[in-house]
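*Asks:* Provided herewith: query-v8.cif, mmCIF, C-alpha atoms and all ligand atoms.
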```cif
data_data
#
loop_
_atom_site.label_atom_id
_atom_site.label_comp_id
_atom_site.auth_asym_id
_atom_site.auth_seq_id
_atom_site.Cartn_x
_atom_site.Cartn_y
_atom_site.Cartn_z
CA GLY A 1 -45.74 25.82 -42.79
CA GLY A 2 -42.71 23.60 -43.05
CA GLY A 3 -44.47 20.56 -44.51
CA GLU A 4 -42.48 18.82 -47.17
CA GLN A 5 -45.42 17.49 -49.12
CA SER A 6 -48.34 19.49 -50.38
CA PRO A 7 -51.88 18.54 -49.46
CA SER A 8 -53.12 15.76 -51.72
CA SER A 9 -56.89 15.46 -51.64
CA PHE A 10 -59.19 17.59 -49.55
CA SER A 11 -62.37 16.20 -51.14
CA SER A 12 -64.96 18.94 -50.71
CA ILE A 13 -62.74 21.33 -48.79
CA ALA A 14 -60.97 24.07 -50.69
CA LEU A 15 -57.57 24.98 -49.36
CA GLU A 16 -56.39 28.60 -49.27
CA THR A 17 -53.22 30.04 -47.84
CA ILE A 18 -52.53 33.26 -45.98
CA SER A 19 -49.24 35.04 -45.48
CA ASP A 20 -47.53 34.74 -42.09
CA GLY A 21 -45.26 37.66 -42.94
CA TYR A 22 -42.39 35.45 -44.06
CA ASP A 23 -43.09 34.94 -47.74
CA GLU A 24 -39.41 35.25 -48.56
CA GLY A 25 -37.40 32.39 -47.12
CA GLY A 26 -40.00 31.14 -44.64
CA ALA A 27 -40.12 31.07 -40.86
CA SER A 28 -36.40 30.32 -40.55
CA GLN A 29 -35.80 33.97 -41.48
CA ALA A 30 -37.20 35.09 -38.14
CA GLU A 31 -34.72 36.15 -35.45
CA SER A 32 -36.41 34.09 -32.78
CA ILE A 33 -39.57 32.12 -32.10
CA GLU A 34 -40.95 35.19 -30.31
CA ALA A 35 -40.25 37.37 -33.36
CA TYR A 36 -41.89 34.82 -35.65
CA LEU A 37 -45.00 34.52 -33.50
CA ASP A 38 -45.32 38.32 -33.19
CA ARG A 39 -45.10 38.87 -36.91
CA PHE A 40 -47.45 35.97 -37.64
CA ARG A 41 -49.99 37.51 -35.27
CA GLU A 42 -49.63 40.94 -36.87
CA ILE A 43 -49.54 39.96 -40.57
CA GLY A 44 -51.76 36.90 -40.12
CA SER A 45 -54.50 39.05 -38.58
CA GLN A 46 -54.53 41.20 -41.73
CA THR A 47 -54.21 38.45 -44.31
CA LEU A 48 -56.80 36.26 -42.60
CA ALA A 49 -59.30 39.15 -42.46
CA GLU A 50 -58.65 39.77 -46.17
CA LEU A 51 -59.29 36.13 -47.00
CA ILE A 52 -62.58 36.11 -45.08
CA GLU A 53 -63.61 39.31 -46.92
CA GLU A 54 -62.75 37.72 -50.24
CA ILE A 55 -64.78 34.62 -49.40
CA SER A 56 -67.77 36.80 -48.39
CA GLY A 57 -67.85 38.05 -51.96
CA SER A 58 -68.17 34.49 -53.27
CA GLY A 59 -71.34 32.42 -53.35
CA HIS A 60 -70.35 30.75 -50.08
CA PRO A 61 -69.55 33.34 -47.43
CA ALA A 62 -67.88 32.17 -44.22
CA ASP A 63 -70.20 31.66 -41.24
CA CYS A 64 -67.63 30.57 -38.74
CA LEU A 65 -63.88 30.56 -38.30
CA VAL A 66 -62.56 27.32 -36.82
CA TYR A 67 -59.03 28.08 -35.70
CA ASP A 68 -56.20 26.18 -34.05
CA SER A 69 -56.48 27.16 -30.39
CA CYS A 70 -52.81 28.22 -30.39
CA MET A 71 -53.66 31.08 -32.79
CA SER A 72 -55.81 32.96 -30.27
CA TRP A 73 -55.59 36.14 -32.38
CA ALA A 74 -57.71 34.45 -35.06
CA LEU A 75 -60.73 34.71 -32.74
CA ASP A 76 -60.25 38.49 -32.58
CA VAL A 77 -60.27 38.54 -36.39
CA ALA A 78 -63.53 36.54 -36.50
CA LYS A 79 -65.18 38.90 -34.06
CA ARG A 80 -63.93 41.97 -35.95
CA VAL A 81 -65.38 40.76 -39.26
CA GLY A 82 -68.57 39.62 -37.53
CA ILE A 83 -68.56 35.84 -37.86
CA ALA A 84 -68.66 33.08 -35.25
CA GLY A 85 -65.38 31.74 -33.84
CA ALA A 86 -64.64 28.18 -32.80
CA ALA A 87 -61.37 27.30 -31.07
CA PHE A 88 -60.13 23.84 -31.99
CA PHE A 89 -57.95 22.18 -29.36
CA THR A 90 -55.67 19.47 -30.69
CA PHE A 91 -54.53 18.15 -27.28
CA SER A 92 -56.37 15.88 -24.91
CA CYS A 93 -58.95 17.58 -22.70
CA ALA A 94 -57.00 16.59 -19.60
CA VAL A 95 -53.95 18.42 -20.99
CA THR A 96 -56.03 21.44 -21.98
CA ASN A 97 -57.51 21.42 -18.49
CA ILE A 98 -54.05 21.38 -16.89
CA TYR A 99 -52.99 24.36 -19.01
CA SER A 100 -56.15 26.28 -18.15
CA LEU A 101 -55.63 25.59 -14.43
CA VAL A 102 -52.11 27.02 -14.73
CA GLN A 103 -53.39 30.02 -16.67
CA ASN A 104 -56.04 30.89 -14.09
CA GLY A 105 -53.66 30.36 -11.17
CA LEU A 106 -55.39 27.35 -9.57
CA LEU A 107 -52.34 25.24 -10.35
CA LYS A 108 -49.26 27.19 -9.32
CA VAL A 109 -45.98 26.87 -11.21
CA PRO A 110 -43.26 25.95 -10.52
CA LEU A 111 -44.88 22.81 -9.17
CA ASN A 112 -43.83 21.44 -5.81
CA PRO A 113 -41.81 18.39 -6.93
CA GLY A 114 -42.82 16.15 -4.03
CA SER A 115 -46.55 16.72 -3.90
CA GLU A 116 -49.40 15.05 -5.69
CA ILE A 117 -51.63 17.24 -7.84
CA LEU A 118 -55.30 17.13 -6.89
CA GLN A 119 -57.32 19.31 -9.22
CA PRO A 120 -60.86 19.32 -10.60
CA GLY A 121 -61.42 17.33 -13.78
CA LEU A 122 -58.25 15.28 -13.29
CA PRO A 123 -57.23 12.07 -11.57
CA PRO A 124 -54.50 12.49 -8.93
CA LEU A 125 -51.29 13.24 -10.83
CA GLN A 126 -47.59 13.34 -10.09
CA PRO A 127 -45.84 16.54 -11.21
CA SER A 128 -44.04 14.51 -13.90
CA ASP A 129 -47.43 13.51 -15.35
CA THR A 130 -48.14 17.12 -16.34
CA PRO A 131 -46.94 18.51 -19.68
CA SER A 132 -43.22 19.30 -19.73
CA PHE A 133 -43.86 23.03 -20.17
CA VAL A 134 -45.53 22.87 -16.76
CA TYR A 135 -43.26 20.55 -14.78
CA VAL A 136 -39.91 21.57 -16.26
CA SER A 137 -39.99 25.08 -14.92
CA GLY A 138 -38.79 27.73 -17.37
CA SER A 139 -38.52 25.39 -20.38
CA TYR A 140 -39.46 26.71 -23.82
CA PRO A 141 -40.90 30.02 -22.54
CA ALA A 142 -42.17 31.13 -25.99
CA PHE A 143 -44.18 27.92 -26.47
CA PHE A 144 -45.44 28.02 -22.91
CA LYS A 145 -46.66 31.58 -23.38
CA LEU A 146 -48.37 30.56 -26.63
CA ILE A 147 -50.07 27.68 -24.80
CA LEU A 148 -51.33 29.89 -21.97
CA ASP A 149 -52.45 32.58 -24.44
CA GLN A 150 -55.00 30.09 -25.82
CA PHE A 151 -57.24 31.01 -22.91
CA SER A 152 -56.70 34.78 -22.96
CA ASN A 153 -59.81 35.52 -25.04
CA LEU A 154 -61.52 32.14 -24.96
CA ASP A 155 -64.54 33.57 -23.15
CA LYS A 156 -65.44 35.23 -26.46
CA ALA A 157 -65.43 31.97 -28.43
CA ASP A 158 -68.79 30.74 -29.67
CA TRP A 159 -67.52 27.18 -29.52
CA VAL A 160 -64.63 25.25 -28.07
CA LEU A 161 -64.11 22.07 -30.08
CA CYS A 162 -61.87 19.26 -28.83
CA ASN A 163 -60.35 16.31 -30.66
CA THR A 164 -61.43 13.71 -28.12
CA PHE A 165 -64.66 11.96 -27.18
CA HIS A 166 -66.82 12.29 -24.12
CA GLU A 167 -66.57 8.69 -22.96
CA LEU A 168 -62.77 8.86 -23.06
CA GLU A 169 -62.37 11.97 -20.94
CA GLN A 170 -65.62 12.46 -19.12
CA GLU A 171 -64.12 14.07 -16.01
CA ALA A 172 -62.10 16.73 -17.84
CA VAL A 173 -64.81 17.41 -20.42
CA ASP A 174 -67.59 17.85 -17.86
CA TRP A 175 -65.44 20.14 -15.75
CA MET A 176 -64.33 22.38 -18.62
CA ALA A 177 -67.81 22.50 -20.13
CA LYS A 178 -68.89 24.44 -17.04
CA PHE A 179 -66.84 27.39 -18.27
CA TRP A 180 -66.86 27.19 -22.04
CA PRO A 181 -69.23 26.00 -24.78
CA LEU A 182 -67.07 22.92 -25.15
CA ARG A 183 -67.97 20.08 -27.50
CA THR A 184 -65.98 16.91 -28.14
CA ILE A 185 -65.87 16.04 -31.84
CA GLY A 186 -63.20 13.37 -32.07
CA PRO A 187 -61.43 11.22 -32.81
CA THR A 188 -60.94 13.08 -36.10
CA ILE A 189 -59.67 9.93 -37.77
CA PRO A 190 -60.70 9.21 -41.39
CA SER A 191 -64.10 7.56 -41.52
CA MET A 192 -63.00 4.30 -43.18
CA TYR A 193 -61.00 3.39 -40.06
CA MET A 194 -63.95 4.20 -37.82
CA ASP A 195 -67.67 4.22 -38.70
CA LYS A 196 -67.12 3.69 -42.47
CA ARG A 197 -69.96 6.06 -43.38
CA HIS A 198 -67.82 8.03 -45.87
CA GLU A 199 -66.55 5.59 -48.45
CA ASP A 200 -63.70 7.61 -49.90
CA ASN A 201 -62.41 8.89 -46.63
CA TRP A 202 -59.22 6.89 -46.07
CA GLU A 203 -56.80 9.74 -45.39
CA TYR A 204 -56.53 12.93 -43.42
CA GLY A 205 -55.90 14.67 -46.74
CA LEU A 206 -52.58 16.01 -45.57
CA SER A 207 -49.39 14.07 -45.11
CA LEU A 208 -46.45 15.82 -43.49
CA LEU A 209 -43.87 13.62 -45.17
CA LYS A 210 -43.97 11.14 -48.01
CA PRO A 211 -44.69 7.62 -46.77
CA ASN A 212 -42.91 4.47 -48.08
CA SER A 213 -46.32 2.79 -48.28
CA ASP A 214 -45.55 -0.08 -50.63
CA ALA A 215 -42.46 -1.21 -48.77
CA CYS A 216 -44.25 -1.14 -45.41
CA MET A 217 -47.40 -2.94 -46.49
CA LYS A 218 -45.57 -5.63 -48.47
CA TRP A 219 -43.37 -6.30 -45.48
CA LEU A 220 -46.31 -6.42 -43.05
CA ASN A 221 -48.43 -8.63 -45.30
CA VAL A 222 -46.19 -11.66 -44.77
CA LYS A 223 -45.87 -11.33 -40.99
CA PRO A 224 -47.98 -13.41 -38.58
CA LYS A 225 -50.87 -11.83 -36.73
CA GLY A 226 -49.85 -9.69 -33.76
CA SER A 227 -46.12 -10.32 -34.24
CA VAL A 228 -44.86 -6.82 -35.10
CA ALA A 229 -43.95 -3.89 -32.86
CA TYR A 230 -44.58 -0.63 -34.74
CA VAL A 231 -42.29 2.15 -33.50
CA SER A 232 -42.75 5.85 -34.22
CA PHE A 233 -42.09 9.17 -32.52
CA GLY A 234 -44.22 11.47 -34.67
CA SER A 235 -43.24 14.47 -36.73
CA VAL A 236 -41.43 16.72 -34.27
CA ALA A 237 -39.58 14.85 -31.54
CA VAL A 238 -35.81 14.96 -31.78
CA ILE A 239 -34.50 11.81 -30.12
CA GLY A 240 -31.14 11.98 -28.35
CA GLU A 241 -28.36 9.78 -29.66
CA ASP A 242 -28.27 7.77 -26.42
CA GLN A 243 -32.00 7.17 -26.54
CA MET A 244 -31.80 6.13 -30.18
CA GLU A 245 -29.13 3.59 -29.36
CA GLU A 246 -31.19 2.17 -26.50
CA LEU A 247 -34.25 1.93 -28.75
CA GLY A 248 -32.15 0.00 -31.25
CA LEU A 249 -30.84 -2.29 -28.51
CA GLY A 250 -34.33 -2.90 -27.21
CA LEU A 251 -35.77 -3.76 -30.61
CA ARG A 252 -32.84 -6.03 -31.35
CA ARG A 253 -33.31 -7.77 -28.02
CA SER A 254 -37.09 -8.20 -28.18
CA LYS A 255 -38.12 -11.39 -29.88
CA SER A 256 -40.62 -9.70 -32.17
CA TYR A 257 -40.48 -8.19 -35.62
CA PHE A 258 -40.34 -4.40 -35.73
CA LEU A 259 -41.25 -1.61 -38.14
CA TRP A 260 -39.42 1.54 -37.06
CA VAL A 261 -40.04 5.03 -38.45
CA VAL A 262 -36.86 7.12 -38.30
CA ARG A 263 -37.32 10.47 -40.04
CA GLU A 264 -34.62 11.36 -42.55
CA LYS A 265 -33.29 14.11 -40.29
CA GLU A 266 -32.85 11.59 -37.48
CA ALA A 267 -31.34 8.76 -39.52
CA ALA A 268 -27.70 9.67 -38.83
CA LYS A 269 -28.25 8.77 -35.18
CA LEU A 270 -29.09 5.15 -35.94
CA PRO A 271 -26.46 2.82 -34.47
CA LYS A 272 -23.85 1.92 -37.13
CA GLY A 273 -24.80 -1.11 -39.18
CA PHE A 274 -28.16 -1.39 -37.44
CA VAL A 275 -30.35 -1.58 -40.55
CA GLU A 276 -28.25 -4.27 -42.22
CA GLU A 277 -27.71 -6.31 -39.07
CA THR A 278 -31.41 -6.43 -38.19
CA SER A 279 -32.86 -6.81 -41.67
CA GLU A 280 -34.16 -10.32 -40.86
CA LYS A 281 -36.59 -9.04 -38.26
CA GLY A 282 -36.84 -5.33 -38.79
CA LEU A 283 -37.70 -2.68 -41.34
CA VAL A 284 -36.62 0.94 -40.89
CA VAL A 285 -38.47 3.55 -42.98
CA SER A 286 -38.42 7.34 -43.03
CA TRP A 287 -42.23 7.69 -42.88
CA CYS A 288 -45.14 5.26 -43.18
CA PRO A 289 -48.90 5.33 -43.71
CA GLN A 290 -49.49 5.10 -39.95
CA LEU A 291 -53.24 4.46 -39.99
CA GLU A 292 -52.85 1.64 -42.48
CA VAL A 293 -50.04 0.18 -40.41
CA LEU A 294 -51.94 0.36 -37.12
CA ALA A 295 -54.97 -1.23 -38.77
CA HIS A 296 -52.88 -4.15 -40.07
CA GLU A 297 -53.41 -7.38 -38.15
CA ALA A 298 -49.68 -8.16 -38.10
CA VAL A 299 -49.13 -5.22 -35.73
CA GLY A 300 -49.34 -6.31 -32.10
CA CYS A 301 -48.08 -3.23 -30.31
CA PHE A 302 -47.26 0.43 -30.88
CA VAL A 303 -44.13 1.89 -29.30
CA THR A 304 -45.09 5.57 -29.33
CA HIS A 305 -43.97 9.02 -28.17
CA CYS A 306 -47.63 9.57 -27.23
CA GLY A 307 -48.37 12.59 -29.42
CA TRP A 308 -52.09 13.12 -29.12
CA ASN A 309 -52.88 12.00 -32.68
CA SER A 310 -50.87 8.81 -32.30
CA THR A 311 -52.47 8.15 -28.92
CA LEU A 312 -55.96 8.54 -30.36
CA GLU A 313 -55.07 6.46 -33.42
CA GLY A 314 -53.63 3.60 -31.34
CA LEU A 315 -56.63 3.66 -29.03
CA SER A 316 -59.23 3.89 -31.80
CA LEU A 317 -57.65 1.15 -33.89
CA GLY A 318 -57.28 -1.06 -30.85
CA VAL A 319 -53.48 -1.37 -30.73
CA PRO A 320 -51.82 -1.84 -27.30
CA MET A 321 -49.15 0.81 -26.67
CA VAL A 322 -45.70 1.07 -25.12
CA ALA A 323 -45.51 4.70 -24.04
CA VAL A 324 -42.15 6.44 -24.39
CA PRO A 325 -43.06 10.13 -23.90
CA GLN A 326 -40.53 12.79 -24.88
CA TRP A 327 -41.90 16.25 -24.05
CA THR A 328 -44.93 18.64 -24.13
CA ASP A 329 -48.24 16.85 -23.57
CA GLN A 330 -46.82 13.37 -24.11
CA SER A 331 -46.11 12.59 -20.44
CA THR A 332 -49.76 13.23 -19.57
CA ASN A 333 -50.98 11.07 -22.45
CA ALA A 334 -48.61 8.30 -21.34
CA ARG A 335 -50.00 8.37 -17.81
CA PHE A 336 -53.56 8.08 -19.12
CA ILE A 337 -52.62 5.21 -21.47
CA MET A 338 -51.13 3.23 -18.58
CA ASP A 339 -53.37 4.03 -15.63
CA VAL A 340 -56.67 5.49 -16.81
CA TRP A 341 -57.54 3.73 -20.06
CA LYS A 342 -55.18 0.83 -19.30
CA THR A 343 -54.38 0.30 -22.97
CA GLY A 344 -50.63 0.06 -22.62
CA LEU A 345 -47.50 0.19 -20.49
CA LYS A 346 -45.35 3.22 -19.81
CA ALA A 347 -41.68 2.42 -20.28
CA GLN A 348 -39.79 3.69 -17.23
CA ALA A 349 -36.89 6.04 -17.80
CA ASP A 350 -33.70 5.87 -15.71
CA LYS A 351 -32.28 8.73 -13.62
CA LYS A 352 -30.89 10.38 -16.74
CA GLY A 353 -34.31 10.34 -18.35
CA ILE A 354 -33.35 7.61 -20.80
CA VAL A 355 -35.47 4.54 -21.40
CA ARG A 356 -33.04 1.63 -21.58
CA GLY A 357 -33.18 -1.07 -24.23
CA GLU A 358 -33.89 -3.71 -21.58
CA GLU A 359 -37.02 -1.84 -20.50
CA ILE A 360 -38.28 -1.42 -24.06
CA ALA A 361 -37.76 -5.10 -24.83
CA HIS A 362 -39.49 -6.00 -21.55
CA CYS A 363 -42.58 -3.85 -22.28
CA VAL A 364 -42.88 -5.16 -25.85
CA ARG A 365 -42.61 -8.75 -24.59
CA GLU A 366 -45.17 -8.14 -21.82
CA ILE A 367 -47.66 -6.85 -24.35
CA LEU A 368 -47.11 -9.40 -27.10
CA ASP A 369 -46.71 -12.52 -24.94
CA GLY A 370 -47.33 -11.70 -21.27
CA GLU A 371 -50.34 -11.92 -18.95
CA ARG A 372 -50.68 -8.16 -18.82
CA GLY A 373 -50.91 -8.14 -22.60
CA LYS A 374 -54.13 -10.13 -22.41
CA GLU A 375 -55.70 -7.65 -19.99
CA ILE A 376 -54.49 -4.73 -22.10
CA ARG A 377 -55.91 -6.25 -25.28
CA LYS A 378 -59.30 -6.60 -23.58
CA ASN A 379 -59.23 -2.90 -22.76
CA THR A 380 -58.08 -1.86 -26.23
CA SER A 381 -61.05 -3.73 -27.75
CA LYS A 382 -63.38 -1.88 -25.43
CA TRP A 383 -61.98 1.55 -26.29
CA LYS A 384 -61.88 0.76 -29.98
CA ALA A 385 -65.63 0.07 -29.90
CA LEU A 386 -66.34 3.18 -27.82
CA ALA A 387 -64.32 5.40 -30.18
CA LYS A 388 -66.21 4.10 -33.19
CA ASN A 389 -69.56 4.56 -31.45
CA ALA A 390 -68.69 8.17 -30.59
CA VAL A 391 -68.28 9.19 -34.24
CA ASP A 392 -70.93 6.85 -35.68
CA GLU A 393 -74.46 8.05 -36.26
CA GLY A 394 -76.04 9.20 -33.01
CA GLY A 395 -72.77 8.89 -31.05
CA SER A 396 -71.58 11.63 -28.68
CA SER A 397 -69.17 13.30 -31.14
CA ASP A 398 -71.54 12.91 -34.08
CA LYS A 399 -74.33 14.64 -32.17
CA ASN A 400 -72.01 17.46 -31.15
CA ILE A 401 -70.96 18.07 -34.76
CA ASP A 402 -74.62 18.11 -35.82
CA GLU A 403 -75.41 20.62 -33.10
CA PHE A 404 -72.48 22.83 -34.11
CA ILE A 405 -73.56 22.82 -37.76
CA ALA A 406 -77.26 23.36 -36.95
CA LYS A 407 -76.50 26.47 -34.93
CA LEU A 408 -74.29 28.11 -37.55
CA VAL A 409 -76.78 30.74 -38.58
CA PRO A 410 -75.36 33.05 -41.24
CA ILE A 411 -75.43 36.70 -40.22
O1 LIG A 501 -44.55 7.43 -40.15
C1 LIG A 501 -45.48 8.12 -39.75
C2 LIG A 501 -45.50 8.70 -38.47
C3 LIG A 501 -46.59 9.46 -38.11
N1 LIG A 501 -47.63 9.65 -38.97
C4 LIG A 501 -48.80 10.49 -38.58
O2 LIG A 501 -48.34 11.70 -38.04
C5 LIG A 501 -49.19 12.13 -37.01
C6 LIG A 501 -48.35 12.41 -35.78
O3 LIG A 501 -49.11 13.11 -34.85
P1 LIG A 501 -48.86 13.07 -33.27
O4 LIG A 501 -48.86 11.69 -32.79
O5 LIG A 501 -49.85 13.98 -32.62
O6 LIG A 501 -47.38 13.54 -33.08
P2 LIG A 501 -46.61 14.91 -33.44
O7 LIG A 501 -46.54 15.06 -34.88
O8 LIG A 501 -45.35 14.82 -32.68
O9 LIG A 501 -47.59 16.02 -32.79
C7 LIG A 501 -47.42 17.25 -32.11
O10 LIG A 501 -48.76 17.75 -31.94
C8 LIG A 501 -49.63 16.92 -31.13
C9 LIG A 501 -51.02 17.49 -31.15
O11 LIG A 501 -51.08 18.80 -30.67
C10 LIG A 501 -49.06 16.80 -29.74
O12 LIG A 501 -49.89 15.95 -28.95
C11 LIG A 501 -47.65 16.24 -29.82
O13 LIG A 501 -47.08 16.13 -28.52
C12 LIG A 501 -46.79 17.12 -30.71
O14 LIG A 501 -45.47 16.59 -30.81
C13 LIG A 501 -50.23 11.04 -36.79
O15 LIG A 501 -51.46 11.41 -37.39
C14 LIG A 501 -49.64 9.83 -37.51
O16 LIG A 501 -50.61 8.98 -38.08
C15 LIG A 501 -47.62 9.07 -40.22
O17 LIG A 501 -48.55 9.23 -40.99
N2 LIG A 501 -46.53 8.33 -40.58
#
```
Let me see whether you can do it: turn the structure in this file into structure tokens.
Ligand SMILES: O=c1ccn([C@@H]2O[C@H](COP(=O)(O)OP(=O)(O)O[C@H]3O[C@H](CO)[C@@H](O)[C@H](O)[C@H]3O)[C@@H](O)[C@H]2O)c(=O)[nH]1

*Replies:*
Amino acid sequence: GGGEQSPSSFSSIALETISDGYDEGGASQAESIEAYLDRFREIGSQTLAELIEEISGSGHPADCLVYDSCMSWALDVAKRVGIAGAAFFTFSCAVTNIYSLVQNGLLKVPLNPGSEILQPGLPPLQPSDTPSFVYVSGSYPAFFKLILDQFSNLDKADWVLCNTFHELEQEAVDWMAKFWPLRTIGPTIPSMYMDKRHEDNWEYGLSLLKPNSDACMKWLNVKPKGSVAYVSFGSVAVIGEDQMEELGLGLRRSKSYFLWVVREKEAAKLPKGFVEETSEKGLVVSWCPQLEVLAHEAVGCFVTHCGWNSTLEGLSLGVPMVAVPQWTDQSTNARFIMDVWKTGLKAQADKKGIVRGEEIAHCVREILDGERGKEIRKNTSKWKALAKNAVDEGGSSDKNIDEFIAKLVPI
């Protein structure tokens, strides 16, 4: 829930809704996150079972329930009504692996701040490279519990699907596949940006907010190739006022053009007069068509919070990244961008956890004009090709999807 725009086109997929128990007034009526999640589990289990029943009466009964891995109760519903269940993980496999290692006790929390983490399926990591729920002990306990609960009944899942591709995360995928029927099926990016096998498939079919598409594309169309830094922090992150100011300073100081997405709710934190004073080189919008923007040749780098979708999009469309992680899984994604895939630079935060304007300007400059930028662009081209191959006919993700579909035998 909570989306401000309704789904536009789902092509062949029909969209149904179920009640989460908060039909009047929405989730904000709940006393706490815990209360919301409890009621969602309780009411959702009933309403989801009813929906599956209803569908069974139609000409196209459900064979399998693919559920967001954070709704572990949905698997119990699938089993109760006698259909297959597939957990869909929307994080990277490395992140999912870290969470599973915490859940089964191999990785003990709180982490020892000084010691390197050496665990199966992962490169050596610093504690601060793990998701914030893990390394900031005691933070967001309700979310952390939800995250660990993903594994509570996972042994009963018929499939574990991950939005990644084998070549990208071989170590984590091979390790986790020892325990679960795990298949990589990503990147789940619309076909026209990848293999182009599905001609109408330009969009996810769901946009969280309404993009200012015309303004963005018109602005980009007249900018030279590789001259623009695209800046976005996704749909959730709440940026501190100090950090916002530093971002503004950095963009002002960097020599490049910038397209900066500042969600409406965040706009009051923009430095006073910023939009007017920088209008020669910058455009600030409340939401943009991100895939279209990343695919535009004017864009030379992506300053990102490293949400997993943005990370995959940047990597698959071949855009070098400046990683400015905020919380949850983003710190892990940032580490992989910088040191494993080598498709970007991680902007270093100061002692207060703030990335200064100087640092942002420096990273953007390095990527657009520096020596390291050249090396990074070589790597981004490589990963772009590998991502496309994975979803194209006969690629690793394509084969996994075929296998999943072939084995869905109606009962
Ligand atoms: O102006 C914009 C900005 C973003 N997007 C899209 O919005 C999505 C953002 O997704 P993501 O990068 O994953 O960020 P969040 O919305 O912040 O995602 C949450 O969920 C992710 C997946 O579980 C986690 O990895 C993140 O840490 C968590 O914040 C992407 O598809 C973007 O293309 C737009 O279309 N227009």

*Asks:* Do a neighbour search on Ala229 of chain A at 12 Å with all atoms listed in the file, toss out local chain neighbours closer than 4 positions, and write the hits as a ChimeraX atom specification.

*Replies:* /A:220,223-225,250-252,254-261,281-284,293-294,296-304,319-322,360-361,363-368

*Asks:* Under the rule that all atoms listed in the file are counted, which of A:Tyr99, A:Tyr193, A:Trp159, A:Phe89 is the nearest residue to ligand LIG 501 (chain A)?

*Replies:*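 Closest residue, counting all atoms listed in the file: A:Phe89.
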
*Asks:* Taking all atoms listed in the file into account, which residues are within 7 Å of ligand LIG 501 (chain A), as a list in words?

*Replies:*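 Taking all atoms listed in the file into account, the residues around ligand LIG 501 (chain A) at most 7 Å away are Thr90, Phe91, Ser207, Pro211, Ser232, Phe233, Gly234, Ser235, Val236, Ala237, Val261, Ser286, Trp287, Cys288, Pro289, Gln290, Leu291, Cys306, Gly307, Trp308, Asn309, Ser310, Thr311, Glu313, Trp327, Thr328, Asp329 and Gln330 of chain A.
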
*Asks:* What is the atom CA of Pro123 of chain A to atom CA of Glu403 of chain A distance in Å?

*Replies:*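 According to the coordinates, atom CA of Pro123 of chain A and atom CA of Glu403 of chain A are separated by 29.4 Å.
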
*Asks:* Using only C-alpha atoms, can you tell me which of A:Ala268, A:Ile33, A:Ala27, A:Ala295 comes closest to Trp202 of chain A?

*Replies:*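 The answer is A:Ala295, which sits nearest to Trp202 of chain A.
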
*Asks:* Compare A:Phe336, A:Phe151, A:Phe404, A:Tyr22 by their minimum atom-to-atom distance to Leu75 of chain A, counting all atoms listed in the file, and give me the closest one.

*Replies:*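 Answer, going by the shortest atom-to-atom distance: A:Phe151.
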
*Asks:* Taking every listed atom of segment 145-158 of chain A and adding 8 Å to each side, what centre and edge lengths in Å (one decimal) does the axis-aligned box have, as lines of an AutoDock Vina configuration file?

*Replies:*
```
center_x = -57.7
center_y = 31.6
center_z = -25.8
size_x = 38.1
size_y = 23.8
size_z = 23.7
```

*Asks:* Nearest to Asp398 of chain A among A:Thr184, A:Gln29, A:Gln46, A:Ser69, with distances taken over all atoms listed in the file: which residue is it?

*Replies:*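 The closest residue to Asp398 of chain A is A:Thr184.
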
*Asks:* Which residue gives the smallest distance to Ser92 of chain A among A:Asp38, A:Glu116, A:Glu169, A:Asp23, with all atoms listed in the file counted?

*Replies:*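 Looking only at the distances to Ser92 of chain A, the closest residue turns out to be A:Glu169.
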
*Asks:* Would you kindly return, as a list in words, each protein, DNA or RNA residue with an atom no farther than 10 Å from any atom of Thr47 of chain A, considering only C-alpha atoms and excluding same-chain residues fewer than 6 positions away?

*Replies:*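 In the requested form, the answer reads Thr17, Ile18, Ser19, Asp20, Gly21, Phe40, Glu53 and Val77 of chain A.
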
*Asks:* Compare A:Leu161, A:Met244, A:Leu111, A:Cys93 by their minimum atom-to-atom distance to Val173 of chain A, counting all atoms listed in the file, and give me the closest one.

*Replies:*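 Ranking A:Leu161, A:Met244, A:Leu111, A:Cys93 by distance to Val173 of chain A, first place goes to A:Cys93.
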
*Asks:* Do a neighbour search on Ile55 of chain A at 12 Å with all atoms listed in the file, toss out local chain neighbours closer than 6 positions, and write the hits as a PDB file with C-alpha atoms, keeping the file's coordinate frame.

*Replies:*
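around-v7.pdb, written as the output of this step:
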```pdb
ATOM      1  CA  ALA A  14     -60.970  24.070 -50.690  1.00  0.00           C
ATOM      2  CA  GLU A  16     -56.390  28.600 -49.270  1.00  0.00           C
ATOM      3  CA  LEU A  48     -56.800  36.260 -42.600  1.00  0.00           C
ATOM      4  CA  ALA A  49     -59.300  39.150 -42.460  1.00  0.00           C
ATOM      5  CA  PRO A  61     -69.550  33.340 -47.430  1.00  0.00           C
ATOM      6  CA  ALA A  62     -67.880  32.170 -44.220  1.00  0.00           C
ATOM      7  CA  ASP A  63     -70.200  31.660 -41.240  1.00  0.00           C
ATOM      8  CA  CYS A  64     -67.630  30.570 -38.740  1.00  0.00           C
ATOM      9  CA  LEU A  65     -63.880  30.560 -38.300  1.00  0.00           C
ATOM     10  CA  VAL A  81     -65.380  40.760 -39.260  1.00  0.00           C
TER      11      VAL A  81
END
```

*Asks:* Rounded to one decimal place, report the atom CA of Thr164 of chain A-atom CA of Gly373 of chain A distance in Å.

*Replies:* 24.9 Å

*Asks:* Would you work out the distance separating atom CA of Leu15 of chain A from atom CA of His60 of chain A, expressed in Å to one decimal?

*Replies:* 14.0 Å
